[in-house]
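What follows is the content of query13.cif, which has mmCIF, C-alpha atoms:
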data_target
#
loop_
_atom_site.label_atom_id
_atom_site.label_comp_id
_atom_site.auth_asym_id
_atom_site.auth_seq_id
_atom_site.Cartn_x
_atom_site.Cartn_y
_atom_site.Cartn_z
CA MET A 580 47.71 -60.32 -38.98
CA ILE A 581 51.09 -61.42 -37.61
CA ASP A 582 52.94 -58.88 -35.48
CA ARG A 583 55.71 -57.16 -37.50
CA ASP A 584 58.53 -58.18 -35.12
CA LEU A 585 57.29 -61.77 -35.00
CA LYS A 586 57.02 -61.86 -38.80
CA ARG A 587 60.60 -60.57 -39.15
CA CYS A 588 61.83 -63.29 -36.77
CA ILE A 589 59.86 -66.02 -38.56
CA GLY A 590 61.39 -64.78 -41.81
CA GLN A 591 64.80 -65.93 -40.61
CA MET A 592 63.72 -69.58 -40.90
CA ALA A 593 65.15 -71.20 -44.03
CA LYS A 594 63.40 -74.20 -45.53
CA GLY A 595 63.96 -76.53 -48.45
CA VAL A 596 62.05 -75.71 -51.64
CA GLN A 597 59.84 -78.25 -53.36
CA LEU A 598 57.49 -78.33 -56.29
CA VAL A 599 54.15 -79.88 -55.30
CA GLY A 600 52.04 -81.18 -58.13
CA ALA A 601 48.77 -82.99 -58.63
CA ALA A 602 46.64 -84.25 -61.49
CA HIS A 603 42.97 -85.20 -61.77
CA ASP A 604 40.60 -85.70 -64.71
CA GLY A 605 43.21 -84.62 -67.26
CA VAL A 606 44.16 -81.41 -65.45
CA ALA A 607 47.62 -81.03 -63.89
CA ARG A 608 48.90 -78.19 -61.73
CA ALA A 609 51.96 -77.52 -59.60
CA TYR A 610 53.12 -74.88 -57.16
CA CYS A 611 56.34 -73.97 -55.36
CA SER A 612 56.35 -74.72 -51.66
CA HIS A 613 58.64 -74.69 -48.69
CA TRP A 614 55.95 -76.13 -46.43
CA VAL A 615 56.45 -79.84 -47.12
CA THR A 616 58.36 -81.94 -44.63
CA GLN A 617 59.06 -85.50 -43.56
CA ILE A 618 57.48 -86.11 -40.14
CA SER A 619 58.40 -89.69 -39.28
CA PHE A 620 61.55 -91.82 -39.03
CA GLU A 621 59.75 -95.16 -39.02
CA GLU A 622 57.47 -94.51 -42.01
CA PRO A 623 57.86 -92.39 -45.16
CA ILE A 624 55.27 -89.86 -43.96
CA PHE A 625 55.07 -86.29 -45.26
CA LEU A 626 53.13 -83.23 -44.13
CA CYS A 627 52.07 -80.78 -46.83
CA SER A 628 50.47 -77.46 -45.92
CA ILE A 629 48.43 -75.80 -48.68
CA SER A 630 45.88 -73.03 -48.96
CA PRO A 631 42.44 -74.09 -50.23
CA LYS A 632 42.58 -70.96 -52.43
CA HIS A 633 45.40 -72.45 -54.51
CA ASP A 634 44.45 -73.92 -57.89
CA THR A 635 46.33 -77.15 -57.09
CA PHE A 636 44.25 -77.74 -53.95
CA PRO A 637 41.11 -79.17 -55.61
CA LEU A 638 43.26 -81.57 -57.64
CA ILE A 639 45.00 -82.83 -54.51
CA GLU A 640 41.71 -83.12 -52.69
CA ALA A 641 39.94 -84.93 -55.55
CA SER A 642 42.79 -87.33 -56.37
CA GLY A 643 43.88 -88.00 -52.79
CA LYS A 644 47.52 -87.70 -53.78
CA PHE A 645 50.28 -85.30 -54.71
CA ALA A 646 53.85 -85.35 -55.98
CA VAL A 647 56.83 -83.63 -54.38
CA SER A 648 59.93 -82.64 -56.37
CA VAL A 649 62.95 -81.52 -54.33
CA LEU A 650 64.49 -78.60 -56.23
CA ALA A 651 68.24 -78.13 -56.69
CA GLY A 652 70.00 -74.83 -56.09
CA ASP A 653 70.22 -74.15 -59.82
CA GLN A 654 66.43 -74.46 -60.22
CA VAL A 655 65.41 -71.07 -58.86
CA ASP A 656 63.78 -70.39 -62.25
CA VAL A 657 61.49 -73.39 -61.70
CA GLY A 658 60.71 -72.32 -58.14
CA GLN A 659 60.06 -68.74 -59.19
CA TYR A 660 57.79 -69.72 -62.09
CA PHE A 661 55.60 -71.88 -59.86
CA SER A 662 55.59 -69.32 -57.03
CA TYR A 663 53.08 -67.22 -58.90
CA PRO A 664 49.42 -68.22 -58.77
CA GLY A 665 48.74 -70.77 -61.48
CA ARG A 666 45.65 -68.91 -62.63
CA LYS A 667 47.91 -66.22 -64.09
CA PHE A 668 49.57 -68.69 -66.45
CA LYS A 669 46.60 -70.86 -67.46
CA HIS A 670 48.98 -73.70 -68.38
CA MET A 671 51.80 -75.88 -67.14
CA ALA A 672 55.35 -75.11 -68.18
CA PRO A 673 56.39 -78.11 -70.28
CA GLU A 674 60.03 -77.03 -70.21
CA TYR A 675 60.05 -77.48 -66.42
CA LEU A 676 57.85 -80.54 -65.96
CA GLU A 677 57.43 -84.12 -66.99
CA MET A 678 54.58 -86.47 -66.20
CA ILE A 679 55.68 -89.57 -64.27
CA ASP A 680 53.06 -92.09 -63.19
CA GLY A 681 50.42 -89.49 -64.09
CA MET A 682 51.91 -86.85 -61.78
CA PRO A 683 53.74 -83.59 -62.64
CA ILE A 684 57.40 -83.84 -61.59
CA ALA A 685 60.08 -81.15 -61.96
CA LYS A 686 62.63 -82.09 -64.62
CA ASP A 687 66.20 -82.48 -63.32
CA CYS A 688 65.13 -82.23 -59.67
CA ILE A 689 67.21 -83.76 -56.88
CA ALA A 690 64.58 -86.39 -56.06
CA TRP A 691 60.82 -86.84 -56.27
CA PHE A 692 58.06 -88.65 -54.41
CA THR A 693 54.44 -89.49 -55.05
CA CYS A 694 52.35 -89.42 -51.89
CA GLU A 695 48.93 -90.82 -51.00
CA ILE A 696 46.94 -88.84 -48.45
CA PHE A 697 45.63 -90.67 -45.40
CA ASP A 698 44.59 -87.77 -43.16
CA ARG A 699 44.03 -84.02 -43.12
CA ILE A 700 43.55 -81.21 -40.66
CA ASP A 701 41.79 -78.00 -41.66
CA LYS A 702 43.28 -75.17 -39.59
CA PHE A 703 43.32 -71.44 -40.04
CA ASP A 704 44.01 -70.51 -43.68
CA HIS A 705 45.64 -73.82 -44.71
CA VAL A 706 44.91 -77.53 -44.89
CA LEU A 707 47.52 -79.95 -43.57
CA PHE A 708 47.67 -83.13 -45.62
CA PHE A 709 49.36 -86.17 -44.10
CA ALA A 710 50.56 -88.56 -46.79
CA ARG A 711 52.64 -91.68 -47.26
CA ALA A 712 55.31 -91.69 -49.96
CA THR A 713 54.42 -94.55 -52.30
CA THR A 714 57.02 -94.12 -55.05
CA CYS A 715 60.20 -92.13 -55.46
CA GLY A 716 62.80 -91.32 -58.03
CA GLU A 717 66.40 -90.27 -57.82
CA GLY A 718 67.49 -87.30 -59.83
CA ARG A 719 70.61 -85.28 -59.14
CA LEU A 720 71.14 -86.51 -55.57
CA GLY A 721 74.59 -84.92 -55.27
CA GLU A 722 73.33 -81.40 -55.96
CA ALA A 723 72.86 -78.82 -53.22
CA PRO A 724 69.17 -78.11 -52.54
CA LEU A 725 67.38 -74.82 -53.08
CA VAL A 726 66.30 -73.16 -49.82
CA TYR A 727 64.14 -70.13 -49.09
CA SER A 728 63.56 -67.68 -46.28
CA SER A 729 61.30 -64.67 -46.59
CA ARG A 730 64.05 -62.56 -45.00
CA HIS A 731 66.98 -63.77 -47.13
CA GLY A 732 65.20 -64.98 -50.27
CA TRP A 733 66.37 -67.85 -52.48
CA ARG A 734 69.62 -69.56 -51.44
CA VAL A 735 71.65 -72.61 -52.34
CA ALA A 736 72.44 -74.88 -49.39
CA ASP A 737 75.97 -75.82 -50.39
CA THR A 738 78.17 -74.45 -47.61
CA LYS A 739 79.22 -76.96 -44.96
CA ALA A 740 78.55 -75.80 -41.42
CA ARG A 741 81.09 -78.18 -39.90
CA GLU A 742 84.87 -78.17 -40.18
CA GLU A 743 86.18 -80.95 -42.44
CA GLY A 744 87.44 -83.93 -40.43
CA VAL A 745 85.96 -82.71 -37.15
CA SER A 746 83.06 -84.64 -35.68
CA VAL A 747 80.91 -82.61 -33.32
CA ARG A 748 79.05 -85.83 -32.49
CA ASP A 749 82.28 -87.60 -31.48
CA LYS A 750 83.23 -84.65 -29.26
CA LEU A 751 79.83 -84.75 -27.57
CA LEU A 752 80.05 -88.52 -27.04
CA ALA A 753 83.53 -88.14 -25.51
CA ARG A 754 82.21 -85.42 -23.22
CA LEU A 755 79.32 -87.67 -22.20
CA ALA A 756 81.70 -90.55 -21.48
CA GLU A 757 83.84 -88.26 -19.28
CA PHE A 758 80.73 -87.06 -17.44
CA GLU A 759 79.49 -90.61 -16.86
CA ALA A 760 82.93 -91.78 -15.67
CA ALA A 761 83.13 -88.86 -13.22
CA ASN A 762 79.65 -89.58 -11.84
CA ASP A 763 79.92 -93.38 -11.41
#
Rewrite the structure of this file - the entire thing - as structure tokens.
Amino acid sequence: MIDRDLKRCIGQMAKGVQLVGAAHDGVARAYCSHWVTQISFEEPIFLCSISPKHDTFPLIEASGKFAVSVLAGDQVDVGQYFSYPGRKFKHMAPEYLEMIDGMPIAKDCIAWFTCEIFDRIDKFDHVLFFARATTCGEGRLGEAPLVYSSRHGWRVADTKAREEGVSVRDKLLARLAEFEAAND
């Protein structure tokens, strides 16, 4: 069990929300996740962390692939629906999903990817799947993404953190140039 103070601090971390889906032998399932991330600049490589207890897990394992739908801020209903264990619903929600290339994808999502698994690590209570994005689709790319933190709940990432017209990067580069000039 995670220490209460540590858990409260971890809960401050906000992450993008995705729908992860898989299909195998005519069965399709999906679940809401905020534990999918890109892990490489050079290659389109994703890391997906999933519990073997989840009903989507055997489909991912058997098919060797999964789909990732990046949810928009106005799709909290989709995220919430798929946050509950799939066994409670016994079916997919056709109003939220469409099948693309045989994979369940969230309708009206920001973007989606299909990923083929090339490695896995079984650790603790989750399995880490490493996968290469093989196809993608653009949805509503201009929309703000849905984010989640266990401390703050569902949020829309639409507030800019930087002042308009001000480049923090340019300021840092100017500072670096001044430093280098002073130390030459």
- Residues within 10 Å of (39.8, -89.2, -48.2), counting all atoms listed in the file, listed as JSON, numbers by chain: {"A": [640, 641, 642, 643, 644, 695, 696, 697, 698, 699]}
- Query: On this structure, which residues satisfy the PyMOL selection byres ((chain A and resi 618-621) around 12), written as a list in words?
  - Reply: Trp614, Val615, Thr616, Gln617, Glu622, Pro623, Ile624, Phe625, Leu626, Cys627, Phe708, Phe709, Ala710, Arg711 and Ala712 of chain A
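Nearest-residue note for Gly652 (chain A): choosing from A:Gly605, A:Pro724, A:Gly716, A:Gly600, the minimum distance belongs to A:Pro724, counting all atoms listed in the file.
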Could you tell me, as a short mmCIF file (atom, residue, chain, number, x, y, z; two decimals) with C-alpha atoms, keeping the file's coordinate frame, exactly which residues end up selected when the PyMOL selection byres ((chain A and resi 735) around 12) is applied to this structure?
data_model
loop_
_atom_site.label_atom_id
_atom_site.label_comp_id
_atom_site.auth_asym_id
_atom_site.auth_seq_id
_atom_site.Cartn_x
_atom_site.Cartn_y
_atom_site.Cartn_z
CA ALA A 593 65.15 -71.20 -44.03
CA LYS A 594 63.40 -74.20 -45.53
CA GLY A 595 63.96 -76.53 -48.45
CA VAL A 596 62.05 -75.71 -51.64
CA LEU A 650 64.49 -78.60 -56.23
CA ALA A 651 68.24 -78.13 -56.69
CA GLY A 652 70.00 -74.83 -56.09
CA ASP A 653 70.22 -74.15 -59.82
CA GLN A 654 66.43 -74.46 -60.22
CA VAL A 655 65.41 -71.07 -58.86
CA GLU A 722 73.33 -81.40 -55.96
CA ALA A 723 72.86 -78.82 -53.22
CA PRO A 724 69.17 -78.11 -52.54
CA LEU A 725 67.38 -74.82 -53.08
CA VAL A 726 66.30 -73.16 -49.82
CA TYR A 727 64.14 -70.13 -49.09
CA SER A 728 63.56 -67.68 -46.28
CA HIS A 731 66.98 -63.77 -47.13
CA GLY A 732 65.20 -64.98 -50.27
CA TRP A 733 66.37 -67.85 -52.48
CA ARG A 734 69.62 -69.56 -51.44
CA ALA A 736 72.44 -74.88 -49.39
CA ASP A 737 75.97 -75.82 -50.39
CA THR A 738 78.17 -74.45 -47.61
CA LYS A 739 79.22 -76.96 -44.96
#
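You will find CA of Lys632 (chain A) at 19.6 Å from CA of Ile581 (chain A).
Counting from CA of Arg741 (chain A), the distance to CA of Gly721 (chain A) is 18.0 Å.
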- Query: Which residue gives the smallest distance to Ile700 (chain A) among A:Pro631, A:Pro673, A:Gly590, A:Pro637, with only C-alpha atoms counted?
  - Reply: A:Pro631
